[in-house]
>>> print(open('start.cif').read())   # mmCIF, C-alpha atoms and all ligand atoms
data_target
#
loop_
_atom_site.label_atom_id
_atom_site.label_comp_id
_atom_site.auth_asym_id
_atom_site.auth_seq_id
_atom_site.Cartn_x
_atom_site.Cartn_y
_atom_site.Cartn_z
CA MET A 1 21.06 -9.96 -18.24
CA GLU A 2 17.26 -9.65 -17.99
CA VAL A 3 16.16 -8.22 -14.64
CA ALA A 4 12.45 -8.33 -13.89
CA PHE A 5 10.96 -5.42 -11.96
CA LEU A 6 9.39 -8.01 -9.65
CA ASN A 7 9.80 -11.78 -9.95
CA LEU A 8 6.62 -13.53 -8.81
CA LYS A 9 7.56 -16.84 -10.44
CA LYS A 10 10.38 -17.30 -7.96
CA ALA A 11 8.01 -16.46 -5.12
CA TYR A 12 5.72 -19.27 -6.25
CA ALA A 13 8.63 -21.68 -6.63
CA GLU A 14 9.80 -21.05 -3.05
CA LEU A 15 6.34 -21.84 -1.64
CA LYS A 16 5.22 -24.47 -4.14
CA ARG A 17 4.92 -27.37 -1.73
CA ASP A 18 2.72 -25.51 0.77
CA LEU A 19 0.65 -23.97 -1.99
CA ASP A 20 0.01 -27.30 -3.67
CA HIS A 21 -1.23 -28.71 -0.36
CA LEU A 22 -3.55 -25.74 0.05
CA TRP A 23 -5.01 -26.32 -3.42
CA GLN A 24 -5.76 -29.97 -2.58
CA ASP A 25 -7.19 -29.20 0.85
CA LEU A 26 -9.40 -26.46 -0.52
CA HIS A 27 -11.08 -28.80 -2.98
CA ASN A 28 -11.37 -31.54 -0.39
CA ASP A 29 -13.44 -29.40 1.97
CA GLY A 30 -14.98 -27.10 -0.66
CA ALA A 31 -15.13 -24.12 1.72
CA TYR A 32 -14.47 -21.45 -0.87
CA ILE A 33 -16.16 -18.41 0.69
CA LEU A 34 -16.24 -17.27 4.36
CA GLY A 35 -14.65 -20.53 5.44
CA SER A 36 -12.19 -21.30 8.20
CA ARG A 37 -9.17 -20.27 6.11
CA LEU A 38 -10.42 -16.69 6.07
CA GLY A 39 -10.98 -16.68 9.84
CA ASN A 40 -7.56 -18.19 10.42
CA PHE A 41 -5.78 -15.63 8.27
CA GLU A 42 -7.67 -12.75 9.90
CA LYS A 43 -6.52 -13.99 13.29
CA GLU A 44 -2.92 -14.55 12.22
CA PHE A 45 -2.59 -11.14 10.58
CA SER A 46 -4.16 -9.38 13.58
CA GLU A 47 -1.65 -11.08 15.88
CA TYR A 48 1.21 -10.21 13.56
CA LEU A 49 0.23 -6.53 13.42
CA GLY A 50 -0.84 -6.17 17.03
CA VAL A 51 -4.39 -5.01 16.27
CA LYS A 52 -7.68 -6.37 17.57
CA HIS A 53 -9.60 -6.97 14.34
CA VAL A 54 -8.73 -7.87 10.77
CA ILE A 55 -11.59 -8.13 8.29
CA GLY A 56 -10.74 -9.61 4.90
CA VAL A 57 -12.31 -7.86 1.91
CA ALA A 58 -12.12 -8.09 -1.88
CA ASN A 59 -9.33 -5.56 -2.51
CA GLY A 60 -7.55 -2.50 -1.13
CA LEU A 61 -9.90 0.00 -2.72
CA ASP A 62 -12.89 -1.69 -1.06
CA ALA A 63 -11.04 -1.74 2.27
CA LEU A 64 -10.75 2.06 2.07
CA THR A 65 -14.32 2.60 0.88
CA LEU A 66 -15.81 0.24 3.47
CA SER A 67 -13.79 2.01 6.18
CA LEU A 68 -15.29 5.36 5.19
CA ASN A 69 -18.76 3.79 5.06
CA ALA A 70 -18.34 2.17 8.45
CA LEU A 71 -17.16 5.46 9.95
CA GLY A 72 -20.23 7.21 8.55
CA ILE A 73 -18.23 9.44 6.21
CA GLY A 74 -19.94 10.36 2.94
CA ALA A 75 -21.79 13.10 1.07
CA GLY A 76 -20.90 16.61 2.20
CA ASP A 77 -17.79 15.49 4.08
CA GLU A 78 -14.17 16.24 3.29
CA VAL A 79 -11.24 13.88 3.75
CA ILE A 80 -7.61 14.99 3.71
CA VAL A 81 -5.43 12.84 1.47
CA PRO A 82 -1.87 13.19 0.11
CA ALA A 83 -1.58 14.91 -3.27
CA HIS A 84 0.92 12.19 -4.23
CA THR A 85 -0.42 8.64 -3.88
CA PHE A 86 -1.94 5.84 -5.94
CA ILE A 87 -5.34 6.97 -7.21
CA ALA A 88 -7.21 4.36 -5.11
CA SER A 89 -6.80 6.54 -1.99
CA TRP A 90 -8.72 9.35 -3.70
CA LEU A 91 -11.20 7.06 -5.47
CA ALA A 92 -12.36 5.51 -2.20
CA ILE A 93 -13.18 8.97 -0.84
CA SER A 94 -15.01 9.88 -4.04
CA GLU A 95 -16.89 6.56 -4.04
CA SER A 96 -18.10 7.22 -0.49
CA GLY A 97 -19.61 10.50 -1.67
CA ALA A 98 -17.06 12.61 0.25
CA ILE A 99 -14.56 15.03 -1.28
CA PRO A 100 -10.84 14.27 -1.38
CA VAL A 101 -8.90 17.33 -0.20
CA PRO A 102 -5.30 16.95 -1.32
CA VAL A 103 -2.41 18.14 0.83
CA GLU A 104 1.16 18.44 -0.44
CA VAL A 105 3.78 15.80 0.38
CA ASN A 106 7.28 16.45 1.72
CA MET A 107 10.49 15.68 -0.14
CA LYS A 108 11.95 13.72 2.78
CA GLY A 109 9.77 10.66 2.37
CA TYR A 110 7.19 11.72 -0.25
CA LEU A 111 4.48 11.48 2.45
CA LEU A 112 1.85 13.93 3.74
CA ASP A 113 3.52 17.18 4.82
CA THR A 114 2.04 17.33 8.31
CA SER A 115 2.82 21.05 8.62
CA LYS A 116 0.31 21.71 5.82
CA ILE A 117 -2.59 19.64 7.14
CA GLU A 118 -4.04 22.26 9.48
CA ALA A 119 -4.52 24.83 6.70
CA ALA A 120 -6.65 22.29 4.78
CA ILE A 121 -9.05 21.57 7.65
CA THR A 122 -12.54 23.10 7.31
CA LYS A 123 -15.87 22.69 9.10
CA ARG A 124 -16.62 19.77 6.81
CA THR A 125 -13.39 17.84 7.35
CA ARG A 126 -14.13 14.44 8.87
CA ALA A 127 -10.95 12.43 8.43
CA ILE A 128 -7.29 12.29 7.46
CA MET A 129 -6.07 9.48 5.23
CA PRO A 130 -2.28 9.16 5.51
CA VAL A 131 -0.70 6.84 2.95
CA HIS A 132 2.42 4.85 3.88
CA LEU A 133 3.68 5.24 0.35
CA TYR A 134 6.51 3.06 -1.02
CA GLY A 135 6.67 1.17 2.32
CA ARG A 136 7.47 4.04 4.67
CA VAL A 137 5.35 5.00 7.69
CA GLY A 138 4.74 8.70 8.11
CA ASP A 139 4.70 10.84 11.23
CA MET A 140 1.70 9.16 12.82
CA SER A 141 2.04 10.83 16.21
CA LYS A 142 1.69 14.24 14.56
CA ILE A 143 -1.27 13.06 12.50
CA SER A 144 -2.97 11.46 15.51
CA ALA A 145 -2.48 14.67 17.52
CA LEU A 146 -4.07 16.75 14.77
CA ALA A 147 -6.94 14.30 14.47
CA GLN A 148 -7.55 14.50 18.20
CA LYS A 149 -7.41 18.30 18.21
CA TYR A 150 -9.96 18.65 15.40
CA HIS A 151 -12.05 15.53 16.20
CA LEU A 152 -11.16 13.80 12.96
CA LYS A 153 -10.97 10.11 12.13
CA VAL A 154 -7.75 8.59 10.80
CA ILE A 155 -7.87 6.00 8.02
CA GLU A 156 -4.44 4.62 7.16
CA ASP A 157 -3.80 3.53 3.60
CA ALA A 158 -1.28 0.81 4.39
CA ALA A 159 -1.55 -0.89 0.99
CA GLN A 160 2.21 -0.58 0.44
CA ALA A 161 3.35 -1.12 4.02
CA HIS A 162 2.87 -4.70 5.25
CA GLY A 163 5.24 -5.06 8.18
CA ALA A 164 6.45 -1.45 8.06
CA PHE A 165 6.74 0.29 11.40
CA GLU A 166 7.22 3.73 12.87
CA SER A 167 10.74 3.74 14.23
CA ILE A 168 10.06 5.99 17.26
CA SER A 169 7.13 3.95 18.62
CA ASN A 170 7.97 0.58 17.03
CA ARG A 171 4.30 0.31 16.12
CA LYS A 172 3.38 -1.31 12.85
CA ALA A 173 1.50 0.33 9.99
CA GLY A 174 -2.11 -0.70 10.36
CA THR A 175 -2.34 -0.09 14.11
CA PHE A 176 -2.58 3.73 14.33
CA GLY A 177 -5.83 4.71 12.67
CA ASP A 178 -9.50 4.30 13.52
CA THR A 179 -9.14 1.87 10.65
CA ALA A 180 -6.28 0.89 8.39
CA CYS A 181 -6.49 -0.66 4.96
CA PHE A 182 -4.26 -3.19 3.25
CA SER A 183 -4.22 -4.49 -0.29
CA PHE A 184 -3.06 -8.02 -1.09
CA TYR A 185 -2.66 -7.34 -4.80
CA PRO A 186 -0.01 -9.81 -6.07
CA GLY A 187 2.77 -7.21 -6.29
CA LYS A 188 2.43 -5.93 -2.71
CA ASN A 189 4.83 -7.02 0.03
CA LEU A 190 2.14 -9.47 1.17
CA GLY A 191 0.23 -10.43 -1.95
CA CYS A 192 -2.18 -13.19 -2.91
CA PHE A 193 -2.94 -14.78 -6.30
CA GLY A 194 -5.57 -12.31 -7.37
CA ASP A 195 -7.28 -9.41 -5.69
CA GLY A 196 -7.57 -9.15 -1.94
CA GLY A 197 -7.50 -6.68 0.91
CA CYS A 198 -8.41 -6.13 4.54
CA VAL A 199 -9.51 -3.54 7.07
CA THR A 200 -7.91 -3.45 10.51
CA THR A 201 -9.28 -1.74 13.61
CA ASN A 202 -9.19 -1.88 17.40
CA ASP A 203 -12.82 -0.78 17.60
CA ASP A 204 -15.35 -3.63 18.05
CA GLU A 205 -18.24 -1.65 16.63
CA ILE A 206 -16.41 -0.54 13.47
CA ALA A 207 -15.23 -4.11 12.95
CA GLN A 208 -18.83 -5.34 13.19
CA ARG A 209 -19.98 -2.78 10.64
CA VAL A 210 -17.26 -3.66 8.13
CA ARG A 211 -18.12 -7.35 8.55
CA LEU A 212 -21.75 -6.60 7.81
CA LEU A 213 -20.99 -4.35 4.83
CA ARG A 214 -18.63 -6.79 3.13
CA ASN A 215 -21.28 -9.53 3.11
CA TYR A 216 -24.54 -8.06 1.76
CA GLY A 217 -25.27 -6.35 5.08
CA SER A 218 -25.96 -9.75 6.52
CA LYS A 219 -24.89 -11.54 9.69
CA VAL A 220 -27.53 -14.25 9.59
CA ARG A 221 -28.17 -15.75 6.18
CA TYR A 222 -30.96 -13.97 4.27
CA GLU A 223 -31.36 -11.38 7.04
CA HIS A 224 -30.09 -8.01 5.76
CA GLU A 225 -29.59 -5.23 8.32
CA VAL A 226 -28.05 -2.69 5.95
CA LYS A 227 -27.46 -2.31 2.21
CA GLY A 228 -24.07 -3.92 2.08
CA LYS A 229 -22.05 -5.21 -0.83
CA ASN A 230 -20.19 -8.32 -1.86
CA SER A 231 -16.60 -7.68 -0.92
CA ARG A 232 -15.17 -10.80 0.66
CA LEU A 233 -11.63 -12.13 0.70
CA ASP A 234 -12.12 -15.67 -0.60
CA ASP A 235 -10.67 -18.69 1.15
CA LEU A 236 -8.19 -19.58 -1.56
CA GLN A 237 -6.60 -16.14 -1.24
CA ALA A 238 -6.77 -16.29 2.57
CA GLY A 239 -5.00 -19.66 2.47
CA VAL A 240 -2.28 -18.25 0.23
CA LEU A 241 -1.87 -15.29 2.57
CA SER A 242 -1.53 -17.53 5.64
CA ILE A 243 1.32 -19.32 3.91
CA LYS A 244 2.98 -16.10 2.76
CA LEU A 245 2.55 -14.28 6.07
CA LYS A 246 5.10 -16.67 7.60
CA TYR A 247 7.66 -15.36 5.12
CA LEU A 248 6.82 -11.67 5.33
CA GLU A 249 9.53 -10.66 7.83
CA ASN A 250 12.16 -12.64 5.97
CA TRP A 251 11.08 -11.34 2.58
CA ASN A 252 11.01 -7.76 3.86
CA ALA A 253 14.55 -8.28 5.18
CA ARG A 254 15.63 -9.41 1.72
CA ARG A 255 14.09 -6.25 0.23
CA ARG A 256 16.08 -4.25 2.79
CA LYS A 257 19.30 -5.93 1.72
CA ILE A 258 18.68 -4.88 -1.89
CA ALA A 259 17.78 -1.35 -0.76
CA GLU A 260 21.03 -1.13 1.21
CA ILE A 261 23.01 -2.11 -1.88
CA TYR A 262 21.27 0.56 -3.96
CA LEU A 263 21.74 3.18 -1.24
CA LYS A 264 25.44 2.44 -0.90
CA GLU A 265 26.31 1.97 -4.56
CA LEU A 266 24.22 4.76 -6.05
CA LEU A 267 25.23 7.46 -3.59
CA GLY A 268 26.56 10.47 -5.53
CA VAL A 269 25.89 8.93 -8.94
CA GLY A 270 24.73 11.53 -11.48
CA ASP A 271 21.97 13.76 -10.16
CA LEU A 272 20.19 10.88 -8.43
CA ILE A 273 18.25 11.66 -5.28
CA LEU A 274 17.99 8.49 -3.21
CA PRO A 275 15.25 7.69 -0.70
CA ALA A 276 16.12 8.27 2.95
CA ASP A 277 16.70 5.08 4.92
CA GLU A 278 14.73 4.31 8.08
CA PRO A 279 14.59 1.15 10.18
CA GLY A 280 10.83 0.66 9.66
CA HIS A 281 10.85 1.08 5.88
CA VAL A 282 9.84 -2.13 4.09
CA TRP A 283 10.87 -0.99 0.61
CA HIS A 284 7.74 -1.88 -1.28
CA ILE A 285 9.23 0.39 -3.91
CA PHE A 286 12.77 1.73 -4.27
CA SER A 287 12.35 5.08 -5.97
CA VAL A 288 15.00 7.49 -7.17
CA LEU A 289 14.55 11.00 -8.54
CA THR A 290 16.45 12.31 -11.54
CA ALA A 291 15.89 15.18 -13.96
CA GLN A 292 16.84 12.69 -16.71
CA ARG A 293 14.12 10.21 -15.79
CA GLU A 294 12.82 9.51 -19.33
CA LYS A 295 16.31 8.93 -20.75
CA LEU A 296 17.37 6.76 -17.83
CA LYS A 297 14.19 4.74 -18.10
CA ALA A 298 14.77 4.12 -21.82
CA PHE A 299 18.43 3.21 -21.17
CA LEU A 300 17.57 0.69 -18.44
CA THR A 301 14.70 -0.80 -20.46
CA ALA A 302 17.02 -1.27 -23.45
CA ALA A 303 19.48 -3.04 -21.15
CA GLY A 304 16.76 -5.52 -20.12
CA ILE A 305 16.03 -3.99 -16.72
CA GLY A 306 12.39 -3.65 -15.66
CA VAL A 307 11.60 -0.22 -14.25
CA ILE A 308 8.23 1.42 -13.49
CA ILE A 309 7.10 4.96 -12.67
CA HIS A 310 5.05 5.35 -9.48
CA TYR A 311 3.29 7.57 -10.58
CA PRO A 312 3.74 9.52 -13.82
CA LYS A 313 0.74 11.89 -13.55
CA PRO A 314 -0.62 13.65 -10.46
CA ILE A 315 -4.22 12.74 -9.67
CA TYR A 316 -5.30 16.41 -9.78
CA ARG A 317 -4.20 16.43 -13.44
CA GLN A 318 -6.12 13.24 -14.32
CA LEU A 319 -9.22 13.37 -16.53
CA ALA A 320 -11.14 11.53 -13.83
CA TYR A 321 -10.84 14.57 -11.55
CA GLN A 322 -11.17 17.30 -14.18
CA ASN A 323 -14.50 18.59 -12.86
CA THR A 324 -13.45 18.85 -9.24
CA LEU A 325 -11.86 21.52 -7.09
CA ALA A 326 -8.66 19.49 -7.02
CA ALA A 327 -8.22 20.03 -10.77
CA LYS A 328 -7.46 23.69 -10.10
CA MET A 329 -4.87 22.91 -7.43
CA ARG A 330 -1.16 22.60 -8.08
CA PHE A 331 1.45 20.99 -5.82
CA GLN A 332 5.09 21.69 -6.53
CA ASN A 333 6.57 18.66 -4.79
CA THR A 334 4.03 16.26 -6.25
CA ASP A 335 4.62 17.65 -9.74
CA LYS A 336 8.37 17.26 -9.29
CA ILE A 337 8.09 13.71 -7.97
CA CYS A 338 5.77 12.64 -10.79
CA SER A 339 8.10 14.03 -13.43
CA GLU A 340 11.35 12.71 -11.91
CA VAL A 341 10.57 9.50 -10.01
CA LEU A 342 11.67 6.07 -11.20
CA SER A 343 11.27 2.74 -9.40
CA LEU A 344 14.17 0.30 -9.67
CA PRO A 345 13.73 -3.50 -9.58
CA MET A 346 12.91 -4.56 -6.02
CA GLY A 347 11.65 -7.69 -4.35
CA PRO A 348 12.56 -10.60 -2.09
CA HIS A 349 13.68 -12.66 -5.07
CA LEU A 350 15.89 -10.09 -6.72
CA GLU A 351 19.42 -11.51 -6.70
CA ILE A 352 22.33 -9.42 -5.44
CA GLU A 353 24.01 -9.82 -8.84
CA GLU A 354 20.87 -8.47 -10.49
CA ALA A 355 20.85 -5.42 -8.21
CA LEU A 356 24.55 -4.86 -8.93
CA PHE A 357 23.87 -5.12 -12.67
CA CYS A 358 21.23 -2.37 -12.28
CA VAL A 359 23.75 -0.26 -10.36
CA GLN A 360 26.41 -0.79 -13.03
CA THR A 361 24.01 0.10 -15.84
CA ILE A 362 22.92 3.27 -14.05
CA LYS A 363 26.56 4.26 -13.51
CA THR A 364 27.26 3.69 -17.21
CA PHE A 365 24.29 5.92 -18.09
CA PHE A 366 25.57 8.80 -16.01
CA LYS A 367 29.19 8.48 -17.10
C1 LIG A 401 -2.46 -0.98 -4.27
C2 LIG A 401 -2.93 0.24 -3.59
C3 LIG A 401 -4.29 0.45 -3.27
C4 LIG A 401 -5.42 -0.37 -3.80
O1 LIG A 401 -5.35 -1.71 -3.64
P1 LIG A 401 -6.13 -2.69 -4.64
O2 LIG A 401 -6.08 -3.99 -3.93
O3 LIG A 401 -5.41 -2.67 -5.94
O4 LIG A 401 -7.52 -2.17 -4.77
C5 LIG A 401 -4.61 1.55 -2.48
N1 LIG A 401 -3.68 2.42 -2.09
C6 LIG A 401 -2.38 2.29 -2.41
C7 LIG A 401 -1.40 3.28 -1.90
C8 LIG A 401 -1.97 1.19 -3.18
O5 LIG A 401 -0.68 1.08 -3.51
#
>>> encode(input="start.cif", output="structure tokens", more="lines below")
Ligand SMILES: *Cc1c(COP(=O)(O)O)cnc(C)c1O
Amino acid sequence: MEVAFLNLKKAYAELKRDLDHLWQDLHNDGAYILGSRLGNFEKEFSEYLGVKHVIGVANGLDALTLSLNALGIGAGDEVIVPAHTFIASWLAISESGAIPVPVEVNMKGYLLDTSKIEAAITKRTRAIMPVHLYGRVGDMSKISALAQKYHLKVIEDAAQAHGAFESISNRKAGTFGDTACFSFYPGKNLGCFGDGGCVTTNDDEIAQRVRLLRNYGSKVRYEHEVKGKNSRLDDLQAGVLSIKLKYLENWNARRRKIAEIYLKELLGVGDLILPADEPGHVWHIFSVLTAQREKLKAFLTAAGIGVIIHYPKPIYRQLAYQNTLAAKMRFQNTDKICSEVLSLPMGPHLEIEEALFCVQTIKTFFK
């Protein structure tokens, strides 16, 4: 049996009728950029999340960079970021001119260890960027309290957490920070057919600034108030996202069903460490830890099962950051996660039989 890591063909098949209509409509009205589809999606997603503003941009990295720009964070500033994340979180900080200051993650959810944030705060610290990695929301009340105490901004990287929520407050990812950033990369829980992203905020002024920056610094055509860039979510992608947003809750529930099978069936198998369950987790990624990661990966691949490592090399060990302070830092948990983590097939279109085949193959490996 071949099991894809993520099956996007089946996602298309389920929505084909709506998507084909969108394609026709789009060419009928020819509103490809900054049209009504973008406005409609921004409104729908803001209502879904429970946040005042959603501003569509070109991708998740731009959402993060534009957030920092709009908050006036740049050269000479420091931003606290998890040691373990996708590199985009760090790159956005670097692109803004600020310095990413990594803080270790915990082993409970592989998220920012909030007990270690305070020690990393200096006179230059301007913001904390928590990342809701793998689909799990971190301890946002603790992070908000720290931000308040030290007068810091909070920028959520919610690129892996569409629909995820904090179980104590029931608040969704994307509603806690001064801004929050989503990616609509095809493989995300809410993904379009190319690159896409958005910034969310409850602050009218920040929203205005991001709107300006994403469109050449211009509100009125050929009037340029600031040196902005071209980072717009195009109307085709916005139209796709409006269609898919209606399925997000249902598709996240299907991911949960798969996660529950893995959690039940893989408990106590080999040396596997399974992710902790939580009601608000949307299982963007189902990651296990094992000291035999490379062997297990090869075994599953040979059996036709698609697995991926998120992520194999800590950012502070990457060439891109070799000439920075971070290159001299070492984080025990992050190193362990990067050397032991493996992501199993996951997605709304993964069949139960496919998940059970993965389970069976993993059990065979450890026998
Ligand atoms: C995907 C992702 C991003 C970047 O999104 P793009 O749309 O690919 O630019 C940022 N942060 C995290 C945690 C991500 O997973």
>>> closest_residue(input="start.cif", among="A:Lys363, A:His310, A:Lys52, A:His21", to="ligand LIG 401 (chain A)", atoms="all atoms listed in the file")
A:His310
>>> residues_around(input="start.cif", residues="Ser67 in chain A", least_positions_apart="6", cutoff="8 Å", atoms="all atoms listed in the file", output="list in words")
Ile155, Thr179, Ala180, Cys181, Val199 and Val210 of chain A
>>> atom_distance(input="start.cif", atom1="CA of Leu91 in chain A", atom2="CA of Glu156 in chain A")
14.5 Å
>>> residues_near_ligand(input="start.cif", ligand="ligand LIG 401 (chain A)", cutoff="10 Å", atoms="all atoms listed in the file", output="VMD selection string")
chain A and resid 57 to 64 84 to 92 130 to 135 156 to 161 181 to 188 191 194 to 198 284 to 285 310
>>> atom_distance(input="start.cif", atom1="CA of Leu8 in chain A", atom2="CA of Gly347 in chain A")
8.9 Å
>>> residues_near_point(input="start.cif", point="(20.6, 11.2, -7.9)", cutoff="12 Å", atoms="only C-alpha atoms", output="number ranges by chain")
A: 262-263, 265-275, 287-293, 296, 340-342, 362-363, 366
>>> atom_distance(input="start.cif", atom1="CA of Lys149 in chain A", atom2="CA of Ala120 in chain A")
14.0 Å
>>> closest_residue(input="start.cif", among="A:Ala253, A:Val220, A:Met1, A:Cys338", to="Tyr311 in chain A", atoms="only C-alpha atoms")
A:Cys338
>>> residues_around(input="start.cif", residues="range 30-39 of chain A", least_positions_apart="5", cutoff="12 Å", atoms="all atoms listed in the file", output="PyMOL selection string")
chain A and resi 22-25+44-46+53-58+196-198+211+214-215+219+230-243
>>> closest_residue(input="start.cif", among="A:Ala303, A:Ala320, A:Ala98, A:Ala326", to="Val359 in chain A", atoms="only C-alpha atoms")
A:Ala303
>>> residues_around(input="start.cif", residues="Ser343 in chain A", least_positions_apart="6", cutoff="6 Å", atoms="all atoms listed in the file", output="list in words")
Phe286, Ser287, Val307, Ile308 and Ile309 of chain A
>>> closest_residue(input="start.cif", among="A:Ala173, A:Ile73, A:Met329, A:Ala164", to="Ala127 in chain A", atoms="all atoms listed in the file")
A:Ile73
>>> closest_residue(input="start.cif", among="A:Ile99, A:Leu26, A:Ala83, A:Ala11", to="Arg330 in chain A", atoms="all atoms listed in the file")
A:Ala83
>>> closest_residue(input="start.cif", among="A:Ala13, A:Ile258, A:Cys192, A:Val51", to="Gly174 in chain A", atoms="all atoms listed in the file")
A:Val51
>>> residues_near_point(input="start.cif", point="(7.9, 11.4, 1.6)", cutoff="9 Å", atoms="all atoms listed in the file", output="number ranges by chain")
A: 105-113, 132-134, 136, 138, 275-276
>>> build_atoms(input="start.cif", residues="range 200-220 of chain A", atoms="N, CA and C atoms", output="compact mmCIF listing (two decimals), keeping the file's coordinate frame")
# COMPACT_ATOMS: atom_id res chain seq x y z
N THR A 200 -8.28 -3.14 9.14
CA THR A 200 -7.91 -3.45 10.51
C THR A 200 -8.46 -2.35 11.42
N THR A 201 -8.80 -2.72 12.64
CA THR A 201 -9.28 -1.74 13.61
C THR A 201 -9.22 -2.33 15.02
N ASN A 202 -9.12 -1.44 16.00
CA ASN A 202 -9.19 -1.88 17.40
C ASN A 202 -10.59 -1.67 17.97
N ASP A 203 -11.48 -1.14 17.16
CA ASP A 203 -12.82 -0.78 17.60
C ASP A 203 -13.82 -1.90 17.25
N ASP A 204 -14.43 -2.50 18.27
CA ASP A 204 -15.35 -3.63 18.05
C ASP A 204 -16.51 -3.26 17.14
N GLU A 205 -17.05 -2.06 17.37
CA GLU A 205 -18.24 -1.65 16.63
C GLU A 205 -17.93 -1.44 15.13
N ILE A 206 -16.80 -0.77 14.87
CA ILE A 206 -16.41 -0.54 13.47
C ILE A 206 -16.15 -1.89 12.79
N ALA A 207 -15.51 -2.78 13.50
CA ALA A 207 -15.23 -4.11 12.95
C ALA A 207 -16.53 -4.81 12.57
N GLN A 208 -17.51 -4.74 13.46
CA GLN A 208 -18.83 -5.34 13.19
C GLN A 208 -19.44 -4.78 11.92
N ARG A 209 -19.36 -3.44 11.79
CA ARG A 209 -19.98 -2.78 10.64
C ARG A 209 -19.29 -3.18 9.33
N VAL A 210 -17.96 -3.26 9.36
CA VAL A 210 -17.26 -3.66 8.13
C VAL A 210 -17.62 -5.11 7.78
N ARG A 211 -17.72 -5.95 8.80
CA ARG A 211 -18.12 -7.35 8.55
C ARG A 211 -19.49 -7.46 7.91
N LEU A 212 -20.40 -6.62 8.39
CA LEU A 212 -21.75 -6.60 7.81
C LEU A 212 -21.70 -6.13 6.35
N LEU A 213 -21.00 -4.99 6.15
CA LEU A 213 -20.99 -4.35 4.83
C LEU A 213 -20.34 -5.23 3.77
N ARG A 214 -19.33 -6.00 4.15
CA ARG A 214 -18.63 -6.79 3.13
C ARG A 214 -19.47 -7.98 2.67
N ASN A 215 -20.50 -8.34 3.43
CA ASN A 215 -21.28 -9.53 3.11
C ASN A 215 -22.78 -9.23 3.00
N TYR A 216 -23.14 -8.37 2.05
CA TYR A 216 -24.54 -8.06 1.76
C TYR A 216 -25.31 -7.50 2.95
N GLY A 217 -24.58 -6.91 3.91
CA GLY A 217 -25.27 -6.35 5.08
C GLY A 217 -25.90 -7.41 5.95
N SER A 218 -25.32 -8.61 5.89
CA SER A 218 -25.96 -9.75 6.52
C SER A 218 -25.06 -10.47 7.52
N LYS A 219 -25.60 -10.74 8.71
CA LYS A 219 -24.89 -11.54 9.69
C LYS A 219 -25.47 -12.95 9.69
N VAL A 220 -26.80 -12.98 9.67
CA VAL A 220 -27.53 -14.25 9.59
C VAL A 220 -28.02 -14.38 8.15
